[in-house]
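Okay, structure-v1.txt is below, compact mmCIF, C-alpha atoms and all ligand atoms:
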```txt
# COMPACT_ATOMS: atom_id res chain seq x y z
CA MET A 1 26.58 15.66 -109.36
CA SER A 2 28.47 15.66 -106.10
CA THR A 3 29.83 12.38 -104.84
CA VAL A 4 30.63 11.52 -101.29
CA ALA A 5 33.33 9.19 -100.06
CA PRO A 6 32.00 6.10 -98.24
CA PRO A 7 31.68 6.47 -94.48
CA GLN A 8 35.07 6.42 -92.83
CA ARG A 9 34.44 4.49 -89.66
CA VAL A 10 37.36 4.93 -87.34
CA GLU A 11 36.50 2.49 -84.56
CA HIS A 12 33.79 1.62 -82.09
CA GLN A 13 33.99 3.79 -79.03
CA MET A 14 31.99 3.97 -75.83
CA THR A 15 30.23 7.33 -76.04
CA ASP A 16 27.12 8.90 -74.57
CA LYS A 17 25.18 6.98 -77.22
CA GLY A 18 26.62 3.61 -76.20
CA SER A 19 29.21 1.68 -78.19
CA VAL A 20 28.99 3.28 -81.61
CA PRO A 21 31.22 3.89 -84.58
CA VAL A 22 33.02 7.19 -84.36
CA TYR A 23 33.65 8.63 -87.76
CA ALA A 24 36.30 10.65 -89.48
CA THR A 25 36.17 14.37 -88.85
CA GLY A 26 35.81 15.57 -92.43
CA ILE A 27 32.92 17.76 -93.50
CA VAL A 28 30.98 16.27 -96.41
CA GLU A 29 28.76 17.94 -98.94
CA GLN A 30 25.20 16.73 -98.50
CA PRO A 31 24.67 14.25 -101.36
CA TRP A 32 21.11 15.41 -101.80
CA SER A 33 20.58 13.98 -105.30
CA THR A 34 21.50 10.49 -104.07
CA TYR A 35 18.65 10.26 -101.57
CA THR A 36 16.21 7.62 -102.77
CA ASP A 37 12.40 7.84 -102.77
CA SER A 38 12.53 5.55 -99.77
CA ASP A 39 14.86 7.98 -97.93
CA HIS A 40 12.48 10.87 -98.59
CA ARG A 41 9.54 8.72 -97.51
CA VAL A 42 11.25 7.89 -94.20
CA TRP A 43 11.71 11.63 -93.58
CA SER A 44 8.09 12.39 -94.53
CA GLU A 45 6.62 9.68 -92.35
CA LEU A 46 8.76 10.48 -89.32
CA TYR A 47 8.08 14.19 -89.74
CA ALA A 48 4.32 13.80 -90.08
CA ARG A 49 4.16 11.41 -87.14
CA GLN A 50 6.18 13.71 -84.88
CA GLN A 51 4.34 16.82 -86.01
CA GLU A 52 1.11 15.32 -84.77
CA ILE A 53 2.58 14.11 -81.47
CA LEU A 54 4.52 17.31 -80.79
CA THR A 55 1.57 19.66 -81.09
CA GLY A 56 0.88 20.62 -77.50
CA ARG A 57 3.94 18.68 -76.32
CA ALA A 58 6.98 20.45 -77.81
CA CYS A 59 7.80 23.95 -76.61
CA SER A 60 6.50 26.80 -78.75
CA GLU A 61 10.05 27.84 -79.76
CA PHE A 62 10.59 24.44 -81.36
CA ILE A 63 7.30 24.36 -83.25
CA ASP A 64 7.46 27.97 -84.45
CA ASN A 65 11.07 27.80 -85.63
CA GLN A 66 10.65 24.56 -87.52
CA SER A 67 8.35 26.13 -90.06
CA ARG A 68 10.24 29.44 -89.97
CA MET A 69 13.35 27.60 -91.21
CA GLY A 70 11.48 26.07 -94.10
CA MET A 71 11.50 22.49 -92.84
CA THR A 72 8.56 20.53 -94.21
CA PRO A 73 7.50 16.90 -94.33
CA SER A 74 7.53 16.81 -98.12
CA HIS A 75 11.20 15.85 -98.61
CA ILE A 76 14.60 15.77 -96.91
CA PRO A 77 15.65 19.42 -96.66
CA LYS A 78 18.72 20.74 -98.42
CA PHE A 79 21.23 22.00 -95.85
CA ASP A 80 21.93 25.03 -98.07
CA ASP A 81 18.26 26.06 -97.96
CA LEU A 82 18.08 25.78 -94.17
CA ASN A 83 21.32 27.73 -93.82
CA ARG A 84 19.81 30.63 -95.73
CA ALA A 85 17.35 31.04 -92.84
CA LEU A 86 19.67 29.98 -90.03
CA ARG A 87 22.72 32.16 -90.79
CA PRO A 88 20.96 35.54 -90.64
CA ALA A 89 18.93 34.50 -87.59
CA THR A 90 21.73 33.41 -85.23
CA GLY A 91 24.98 32.98 -87.20
CA TRP A 92 24.69 29.17 -87.04
CA GLU A 93 25.01 26.85 -90.01
CA VAL A 94 24.43 23.18 -90.61
CA ILE A 95 27.34 21.11 -91.97
CA GLY A 96 27.23 17.54 -93.26
CA VAL A 97 29.20 14.77 -91.52
CA GLU A 98 29.37 10.97 -91.73
CA GLY A 99 28.15 10.45 -88.17
CA LEU A 100 29.25 10.92 -84.55
CA LEU A 101 32.47 12.88 -84.31
CA PRO A 102 35.37 12.60 -81.90
CA GLU A 103 34.58 14.86 -78.95
CA LEU A 104 37.07 17.63 -79.58
CA ALA A 105 36.06 17.98 -83.25
CA PHE A 106 32.42 18.17 -82.18
CA PHE A 107 33.10 20.86 -79.56
CA ASP A 108 35.15 22.87 -82.03
CA HIS A 109 32.29 22.89 -84.55
CA LEU A 110 29.80 24.04 -81.92
CA ALA A 111 32.12 26.75 -80.61
CA ASN A 112 32.23 28.10 -84.18
CA ARG A 113 28.47 27.83 -84.68
CA ARG A 114 28.59 24.88 -87.03
CA PHE A 115 26.12 22.14 -86.22
CA PRO A 116 27.23 18.75 -87.60
CA VAL A 117 24.35 16.81 -89.16
CA THR A 118 24.69 13.17 -90.22
CA TRP A 119 23.96 13.18 -93.95
CA TRP A 120 22.27 9.73 -94.11
CA ILE A 121 18.82 8.81 -92.88
CA ARG A 122 17.70 5.60 -91.15
CA LYS A 123 16.12 2.69 -93.04
CA PRO A 124 12.34 2.10 -93.04
CA GLU A 125 12.76 -0.77 -90.55
CA GLN A 126 14.42 1.63 -88.08
CA MET A 127 11.53 4.10 -87.76
CA ASP A 128 11.25 3.68 -83.99
CA TYR A 129 14.83 3.15 -82.91
CA LEU A 130 18.42 3.17 -84.00
CA SER A 131 21.49 3.30 -81.82
CA GLU A 132 23.33 6.18 -83.47
CA PRO A 133 22.15 9.61 -84.54
CA ASP A 134 20.99 9.95 -88.15
CA LEU A 135 19.78 12.87 -90.26
CA PHE A 136 16.32 12.81 -88.76
CA HIS A 137 17.55 13.08 -85.17
CA ASP A 138 20.20 15.67 -85.97
CA LEU A 139 18.17 17.88 -88.28
CA PHE A 140 14.60 17.58 -87.07
CA GLY A 141 15.65 17.29 -83.43
CA HIS A 142 18.49 19.77 -83.00
CA VAL A 143 18.34 22.43 -85.66
CA PRO A 144 15.02 24.28 -85.08
CA LEU A 145 16.12 25.63 -81.68
CA LEU A 146 19.33 27.00 -83.21
CA MET A 147 17.02 29.68 -84.68
CA ASN A 148 16.45 30.93 -81.11
CA PRO A 149 19.14 33.49 -80.17
CA MET A 150 19.36 32.46 -76.52
CA PHE A 151 19.56 28.74 -77.24
CA ALA A 152 21.98 29.41 -80.11
CA ASP A 153 24.31 31.19 -77.68
CA TYR A 154 23.97 28.34 -75.17
CA MET A 155 25.07 25.77 -77.76
CA ALA A 156 28.11 27.84 -78.80
CA ALA A 157 29.04 28.39 -75.13
CA TYR A 158 28.72 24.64 -74.62
CA GLY A 159 31.18 24.08 -77.48
CA ARG A 160 33.73 26.46 -75.92
CA GLY A 161 33.12 24.81 -72.54
CA GLY A 162 33.73 21.44 -74.18
CA VAL A 163 37.10 22.48 -75.58
CA LYS A 164 38.02 23.62 -72.08
CA ALA A 165 36.74 20.50 -70.32
CA HIS A 166 38.57 18.32 -72.83
CA ALA A 167 41.84 19.95 -71.78
CA LEU A 168 40.96 19.54 -68.09
CA GLY A 169 40.50 15.79 -68.37
CA ALA A 170 38.10 12.87 -68.52
CA GLU A 171 36.21 13.66 -65.34
CA ALA A 172 35.34 17.20 -66.38
CA LEU A 173 34.07 15.81 -69.67
CA VAL A 174 31.81 13.31 -67.91
CA HIS A 175 30.25 16.13 -65.89
CA LEU A 176 29.79 18.37 -68.92
CA THR A 177 28.34 15.54 -71.01
CA ARG A 178 25.65 14.94 -68.40
CA LEU A 179 24.63 18.58 -68.71
CA TYR A 180 24.30 18.16 -72.49
CA TRP A 181 22.32 14.97 -72.01
CA TYR A 182 19.81 16.40 -69.54
CA THR A 183 19.34 19.71 -71.37
CA VAL A 184 20.08 19.61 -75.11
CA GLU A 185 19.03 15.97 -75.57
CA PHE A 186 16.39 15.33 -72.89
CA GLY A 187 15.35 18.70 -71.46
CA LEU A 188 11.84 19.76 -70.46
CA ILE A 189 10.71 23.38 -70.09
CA ARG A 190 7.87 24.83 -68.08
CA GLU A 191 5.52 26.99 -70.15
CA ALA A 192 2.39 28.79 -68.97
CA ALA A 193 0.26 25.95 -70.33
CA GLY A 194 2.36 23.23 -68.64
CA LEU A 195 5.48 21.14 -69.19
CA ARG A 196 6.81 21.04 -72.74
CA ILE A 197 9.70 19.28 -74.52
CA TYR A 198 12.80 21.00 -75.88
CA GLY A 199 15.32 18.10 -75.83
CA SER A 200 16.31 16.76 -79.26
CA GLY A 201 16.50 13.16 -78.14
CA ILE A 202 12.87 13.41 -77.11
CA VAL A 203 11.40 15.36 -80.03
CA SER A 204 12.91 12.88 -82.49
CA SER A 205 11.37 9.90 -80.65
CA LYS A 206 7.70 9.02 -80.84
CA GLY A 207 7.67 6.89 -77.72
CA GLU A 208 9.68 9.20 -75.50
CA SER A 209 7.73 12.30 -76.59
CA ILE A 210 4.68 10.77 -74.96
CA HIS A 211 6.46 9.00 -72.11
CA CYS A 212 8.38 12.02 -70.82
CA LEU A 213 5.19 14.05 -70.25
CA GLU A 214 2.45 11.49 -69.69
CA SER A 215 4.00 8.51 -67.95
CA SER A 216 3.90 8.31 -64.16
CA ALA A 217 7.18 6.34 -64.14
CA PRO A 218 9.88 9.07 -64.46
CA ASN A 219 10.92 11.77 -62.01
CA ARG A 220 10.63 15.37 -63.18
CA ILE A 221 12.93 17.67 -61.23
CA GLY A 222 13.75 21.36 -61.39
CA PHE A 223 17.01 22.29 -63.16
CA ASP A 224 20.04 22.27 -60.85
CA LEU A 225 23.48 22.47 -62.50
CA ARG A 226 25.53 20.54 -59.94
CA ARG A 227 22.79 17.95 -59.43
CA ILE A 228 22.65 17.31 -63.18
CA MET A 229 26.42 17.04 -63.50
CA ARG A 230 26.37 14.28 -60.88
CA THR A 231 23.48 12.32 -62.40
CA ARG A 232 24.01 9.19 -64.48
CA TYR A 233 21.68 8.59 -67.40
CA ARG A 234 20.16 5.93 -69.63
CA ILE A 235 21.33 5.37 -73.18
CA ASP A 236 19.16 2.38 -74.05
CA THR A 237 15.83 3.09 -72.33
CA TYR A 238 13.67 6.14 -71.70
CA GLN A 239 15.17 8.45 -69.07
CA LYS A 240 14.31 7.75 -65.44
CA THR A 241 14.62 11.45 -64.61
CA TYR A 242 13.95 14.59 -66.62
CA PHE A 243 15.15 18.05 -65.55
CA VAL A 244 12.84 21.00 -66.06
CA ILE A 245 13.98 24.56 -66.87
CA ASP A 246 11.72 27.59 -66.42
CA SER A 247 13.19 29.41 -69.42
CA PHE A 248 16.16 29.37 -71.79
CA GLU A 249 17.31 32.44 -69.93
CA GLN A 250 17.56 30.42 -66.72
CA LEU A 251 19.67 27.86 -68.59
CA MET A 252 21.94 30.57 -69.96
CA ARG A 253 22.44 32.25 -66.63
CA ALA A 254 23.03 29.06 -64.67
CA THR A 255 25.73 27.93 -67.10
CA GLU A 256 27.50 31.27 -67.46
CA PRO A 257 29.99 30.84 -64.56
CA ASP A 258 33.37 29.23 -65.13
CA PHE A 259 32.90 25.49 -64.62
CA THR A 260 36.54 24.81 -63.66
CA PRO A 261 35.99 25.22 -59.89
CA ILE A 262 32.68 23.36 -60.17
CA TYR A 263 34.39 20.35 -61.77
CA ALA A 264 36.95 20.43 -58.95
CA GLU A 265 34.22 20.55 -56.33
CA LEU A 266 32.30 17.66 -57.92
CA ALA A 267 35.38 15.46 -58.21
CA SER A 268 34.97 14.38 -54.58
CA GLN A 269 31.22 13.75 -54.78
CA PRO A 270 29.65 10.44 -55.77
CA ALA A 271 27.56 10.10 -58.92
CA ILE A 272 23.78 9.86 -58.47
CA PRO A 273 21.96 6.91 -60.05
CA ALA A 274 19.65 7.95 -62.90
CA GLY A 275 16.42 7.30 -60.99
CA GLU A 276 17.40 8.47 -57.51
CA MET A 277 15.76 11.47 -55.84
CA LEU A 278 17.41 13.72 -53.26
CA ALA A 279 15.82 15.59 -50.36
CA SER A 280 17.13 18.81 -51.90
CA ASP A 281 15.40 18.23 -55.27
CA HIS A 282 12.75 20.66 -56.44
CA VAL A 283 10.20 18.01 -57.38
CA HIS A 284 7.68 18.48 -60.20
CA THR A 285 6.72 14.80 -60.20
CA ARG A 286 8.05 11.88 -58.20
CA GLY A 287 8.18 8.88 -60.49
CA THR A 288 6.72 5.49 -59.66
CA GLY A 289 9.70 3.79 -61.29
CA GLU A 290 7.36 1.38 -63.05
CA GLY A 291 9.08 -0.62 -65.76
CA TRP A 292 12.55 0.67 -64.95
CA SER A 293 15.42 -1.46 -66.11
CA SER A 294 17.65 -2.69 -63.31
CA GLU A 295 20.67 -2.64 -65.58
CA ALA A 296 23.37 -0.16 -64.74
CA ASP A 297 23.08 3.48 -65.76
CA THR A 298 25.75 5.13 -67.87
N1 LIG B 1 30.46 28.21 -68.39
C1 LIG B 1 30.97 26.96 -68.89
C2 LIG B 1 32.45 26.79 -68.57
O1 LIG B 1 33.09 27.65 -68.07
C3 LIG B 1 30.77 26.87 -70.38
C4 LIG B 1 29.41 26.37 -70.71
C5 LIG B 1 28.39 27.24 -71.04
C6 LIG B 1 29.14 25.02 -70.70
C7 LIG B 1 27.14 26.75 -71.36
C8 LIG B 1 27.91 24.54 -71.01
C9 LIG B 1 26.91 25.40 -71.36
O2 LIG B 1 32.98 25.72 -68.82
CO CO B 2 21.59 14.56 -80.45
```
Before we go any further, please render this structure as structure tokens.
Ligand code: PHE
Ligand code: CO
Amino acid sequence: MSTVAPPQRVEHQMTDKGSVPVYATGIVEQPWSTYTDSDHRVWSELYARQQEILTGRACSEFIDNQSRMGMTPSHIPKFDDLNRALRPATGWEVIGVEGLLPELAFFDHLANRRFPVTWWIRKPEQMDYLSEPDLFHDLFGHVPLLMNPMFADYMAAYGRGGVKAHALGAEALVHLTRLYWYTVEFGLIREAAGLRIYGSGIVSSKGESIHCLESSAPNRIGFDLRRIMRTRYRIDTYQKTYFVIDSFEQLMRATEPDFTPIYAELASQPAIPAGEMLASDHVHTRGTGEGWSSEADT
């Protein structure tokens, strides 16, 4: 039986998930045999609940690839089993980690097509919310789209871009992190049948899966790289603004250019509050702003 060292919390750091523990960088073997019945039940219930909500709400690539990878509600998947489907599809693999990683370690994994997944799952009393990513968010939310070749390339390019931005300095990282937030975590995509979800932060949340598409409160705006890089976001409430791509190809192409001159250009421009709209925005929906928190955006 494999044993795993206890979580090595380094310190609390302000990250894009709020003030959270940032863990040691080591890769851990998934301690699959130590998951309790309760752990498996949490996975099953969250999975079944999301499966129902995401039908007709998540993009077809997400839904189709989830079953193609062999993810099911019956029990917490074994990383090794998922990797047998993932590796031949796009060259990606899932690795186990204790939790959020220091930025550079995270970027380096992505650049090398390793997606870090937190090995532990939330407790039954945390079904609706917890402040740091767990196995359900990381695995259910992020991994299915890594089966898609275009999205898989985007994530690896993001990792390389992260290593570069890290060397350029804190401001470049802020701009790049906003792109990750508004695409990988909270992105919407336009399909023939209507708007659909592809962001991991949304698909792993019951409330936001409904809110992002059905609520009249948030803005829904067409993807615009510079606009996104200037836009603050929410870490503790639903997003005030969602950005909509037309295709993963659009996302790929828009992010292909070298960001170094873009970071330089943006350095002199003010950040945009999370809920603000600009005259230049391509508007899908103008939000009513109902229920918006007046606390500061991140
Ligand atoms: N083109 C970006 C750069 O030069 C890298 C990148 C690609 C970042 C895709 C994010 C997503 O920094
Ligand atoms: Co995430």
Return as CSV the residues of chain A lying at most 8 Å from ligand LIG 1 (chain B), together with the closest atom-to-atom pair for each and the distance in Å to one decimal, counting only C-alpha atoms and all ligand atoms, with rows in chain order and ascending residue number.
```
residue,atom,partner,partner_atom,distance
A:Tyr154,CA,B:LIG1,C7,5.2
A:Met155,CA,B:LIG1,C9,6.7
A:Ala156,CA,B:LIG1,C7,7.6
A:Ala157,CA,B:LIG1,C5,4.3
A:Tyr158,CA,B:LIG1,C8,3.7
A:Gly159,CA,B:LIG1,C6,7.1
A:Arg160,CA,B:LIG1,C3,6.3
A:Gly161,CA,B:LIG1,C3,3.8
A:Gly162,CA,B:LIG1,C6,6.8
A:Lys164,CA,B:LIG1,O2,6.4
A:Ala165,CA,B:LIG1,O2,6.6
A:Leu176,CA,B:LIG1,C8,6.8
A:Leu179,CA,B:LIG1,C8,7.2
A:Tyr180,CA,B:LIG1,C8,7.5
A:Met252,CA,B:LIG1,C7,6.6
A:Thr255,CA,B:LIG1,C7,4.6
A:Glu256,CA,B:LIG1,N1,4.4
A:Pro257,CA,B:LIG1,N1,4.7
A:Asp258,CA,B:LIG1,O1,3.3
A:Phe259,CA,B:LIG1,O1,4.1
A:Thr260,CA,B:LIG1,O1,6.3
```
Quick check, in Å to one decimal: how far apart do CA of Tyr47 in chain A and CA of Pro73 in chain A lie?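 CA of Tyr47 in chain A sits 5.4 Å away from CA of Pro73 in chain A.
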8 Å shell around ligand CO 2 (chain B) using only C-alpha atoms and all ligand atoms, listed as a compact mmCIF listing (two decimals) with C-alpha atoms, in the frame of the given file:
```txt
# COMPACT_ATOMS: atom_id res chain seq x y z
CA PRO A 133 22.15 9.61 -84.54
CA HIS A 137 17.55 13.08 -85.17
CA ASP A 138 20.20 15.67 -85.97
CA GLY A 141 15.65 17.29 -83.43
CA HIS A 142 18.49 19.77 -83.00
CA VAL A 184 20.08 19.61 -75.11
CA GLU A 185 19.03 15.97 -75.57
CA SER A 200 16.31 16.76 -79.26
CA GLY A 201 16.50 13.16 -78.14
```
For a quick check of understanding, using only C-alpha atoms, which of A:Pro124, A:Pro273, A:Gly199, A:Gly289 has the smallest distance to Arg227 in chain A?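 Nearest candidate to Arg227 in chain A out of A:Pro124, A:Pro273, A:Gly199, A:Gly289: A:Pro273.
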Go ahead and compute the interatomic distance for CA of Leu135 in chain A and CA of Ala170 in chain A, in Å to one decimal. 28.4 Å
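Our summary of the geometry notes that CA of Thr118 in chain A is positioned 23.5 Å from CA of Tyr233 in chain A.
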Dump as a ChimeraX atom specification all residues having an atom at most 10 Å from (14.8, 4.9, -71.6), computed in the file's coordinates with all atoms listed in the file. /A:207-208,211-212,218,233-241,291-293
Residues near Met71 in chain A, anyone? I mean within 10 Å using only C-alpha atoms, not counting same-chain ones fewer than 5 positions away, as a list in words.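 Once the adjacent positions are removed, what remains is Tyr47, Asn65, Gln66, Ile76, Pro77, Lys78, Asp81, Leu82, Leu139, Phe140, Val143 and Pro144 of chain A.
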As a list of chain:residue names, please: the residues near Phe223 in chain A (cut-off 8 Å, all atoms listed in the file, same-chain neighbours under 2 positions excluded). A:Ile221, A:Leu225, A:Ile228, A:Phe243, A:Val244, A:Ile245
Pick from A:Thr231, A:Ile262, A:Asp128, A:Ala193, whichever lies nearest to Arg49 in chain A using all atoms listed in the file: A:Asp128
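Closest to Val42 in chain A among A:Val97, A:Arg190, A:Gly91, A:Asp134 is A:Asp134, based on only C-alpha atoms.
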Using only C-alpha atoms, pick whichever of A:Lys123, A:Arg178, A:Lys206, A:Arg220 has the shortest atom-to-atom distance to Met277 in chain A.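 Smallest distance to Met277 in chain A is found for A:Arg220.
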